[in-house]
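Take a look at the structure below.
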Amino acid sequence: MILNCKIIKIEASECNIFKVFIKPDKCLNFKAGQYVLAYLDGKKLPFSIANCPTCNELIELHVGSSVKETAVKSISHFLDAFVNSSEIQIDAPHGNAWLREDSNSPLLLIAGGTGLSYINSILSNCVNRNLPRSIYVYWGVNNIDLLYADTQLKALSSDFNNVKYV
């Protein structure tokens, strides 16, 4: 489904990761773990949805600002749309690697860098729905300074006995 979206806010972290919050013109029903295709500069670029499906008024995307040209252009496009109050288009939802809620098997979530957005959606959904299954979160980065959600993940691990953050 093609949706027009307004960029509501952009939060920058100290490690050059940007959280982009967009508001679709229609309700987007998605499953934890799915992604959107954003139309940026004539290209469709995939971004994992970082929030859980029950919090779907705004869609949260995590975008890394790296030395890669695509990442820099993505951030620039989002910032331009935000500053100019213009809309972007997304095609969503996509992806088959979503949370199967009918299972009680332990859940192993592995991510690298901004891939955390994908597992953040799944983890948030499990916590918000009080799913009892054991959840193990492994998050790798090139440099410890890039752990932009470390405090949040440690807090979840402390607050919920079934969540283990490694």
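Each chain in the structure tokens gets a letter, A, B, ..., in the order shown, and its residues are numbered from 1; ligands are numbered from 1 in order too.
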
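Neighbouring residues of Asn96 in chain A at 12 Å or closer, counting only C-alpha atoms and skipping chain neighbours under 6 positions away, are Phe30, Lys31, Ala32, Gly33, Gln34 and Tyr35 of chain A.
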
Per-residue nearest contacts of range 17-94 of chain A to range 99-114 of chain A (12 Å; only C-alpha atoms) as a Markdown table:
| residue | atom | partner | partner_atom | distance |
| --- | --- | --- | --- | --- |
| A:Ile17 | CA | A:Thr114 | CA | 7.7 |
| A:Phe18 | CA | A:Thr114 | CA | 9.5 |
| A:Lys19 | CA | A:Thr114 | CA | 10.1 |
| A:Phe30 | CA | A:Leu99 | CA | 10.8 |
| A:Lys31 | CA | A:Leu99 | CA | 7.0 |
| A:Ala32 | CA | A:Leu99 | CA | 5.7 |
| A:Gly33 | CA | A:Leu99 | CA | 6.3 |
| A:Gln34 | CA | A:Leu99 | CA | 9.0 |
| A:Phe47 | CA | A:Thr114 | CA | 9.6 |
| A:Ser48 | CA | A:Thr114 | CA | 9.0 |
| A:Ile49 | CA | A:Thr114 | CA | 11.0 |
| A:Ala50 | CA | A:Thr114 | CA | 9.7 |
| A:Cys52 | CA | A:Leu99 | CA | 10.6 |
| A:Pro53 | CA | A:Leu99 | CA | 10.8 |
| A:Leu61 | CA | A:Thr114 | CA | 9.4 |
| A:His62 | CA | A:Thr114 | CA | 6.2 |
| A:Val63 | CA | A:Thr114 | CA | 6.7 |
| A:Gly64 | CA | A:Thr114 | CA | 6.3 |
| A:Ser65 | CA | A:Thr114 | CA | 10.0 |
| A:Ser66 | CA | A:Thr114 | CA | 10.8 |
| A:Ala71 | CA | A:Thr114 | CA | 11.3 |

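If only C-alpha atoms are the atoms counted, then among A:Ser13, A:Asn130, A:Gln89, A:Asn84 the closest residue to Val163 in chain A is A:Asn130.
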
request  = Write down as a PyMOL selection string the residues of range 29-89 of chain A whose backbone DSSP state falls under strand (DSSP E or B).
outcome  = chain A and resi 35-40+43-49+59-64+87-89

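You will find CA of Leu37 in chain A at 6.4 Å from CA of Ala92 in chain A.
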
Neighbour list for Ala81 in chain A as a compact mmCIF listing (two decimals) with C-alpha atoms, in the first residue's frame, cut-off 9 Å, only C-alpha atoms, skip fewer than 5 positions in-chain:
# COMPACT_ATOMS: atom_id res chain seq x y z
CA LYS A 6 4.50 13.69 7.07
CA ILE A 7 7.76 13.71 9.00
CA SER A 76 19.38 14.62 3.83
CA SER A 86 6.72 18.23 2.65
CA GLU A 87 5.60 14.62 2.47
CA ILE A 88 7.41 11.45 1.57

message = I'd like the interatomic distance between CA of Pro46 in chain A and CA of Asn125 in chain A, to a tenth of an Å.
response = 20.7 Å

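Distances from A:Ala38, A:Gly95, A:Pro132, A:Leu116 to Asn4 in chain A were compared using only C-alpha atoms, and the smallest one belongs to A:Ala38.
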
request  = Taking the DSSP assignment computed from this structure's backbone, write out as number ranges by chain all residues of range 65-162 of chain A that belong to helix (DSSP H, G or I).
outcome  = A: 69-83, 113-128, 144-146, 150-159

key: Among listed residues A:Ser134, A:Ser74, A:Asn16, A:Asn143, nearest Asn162 in chain A (using only C-alpha atoms)   = A:Ser134

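Between Asp25 in chain A and the residues A:Leu3, A:Thr54, A:Ile122, A:Ile59, the shortest atom-to-atom distance, using only C-alpha atoms, involves A:Leu3.
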
key: Phe78 in chain A surroundings by only C-alpha atoms, 9 Å radius, close-in-sequence under 5 positions cut, as an NGL selection string   = :A and (7 or 10 or 20 or 40 or 73 or 83 or 88)

Please save C-alpha atoms of the selected residues as a compact mmCIF listing (two decimals), in the first residue's frame.
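Final output, part.txt:
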# COMPACT_ATOMS: atom_id res chain seq x y z
CA ILE A 7 7.76 13.71 9.00
CA ILE A 10 13.76 13.63 13.80
CA VAL A 20 12.76 9.49 12.08
CA LEU A 40 13.78 8.80 -1.77
CA LYS A 73 21.36 11.00 1.03
CA VAL A 83 12.25 21.37 7.30
CA ILE A 88 7.41 11.45 1.57

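With CA of Val36 in chain A on one side and CA of Leu147 in chain A on the other, the separation reads 23.4 Å.
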
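Of the residues under consideration (A:Tyr148, A:Trp98, A:Phe82, A:Tyr136), A:Trp98 shows the shortest atom-to-atom contact distance to Tyr118 in chain A when counting only C-alpha atoms.
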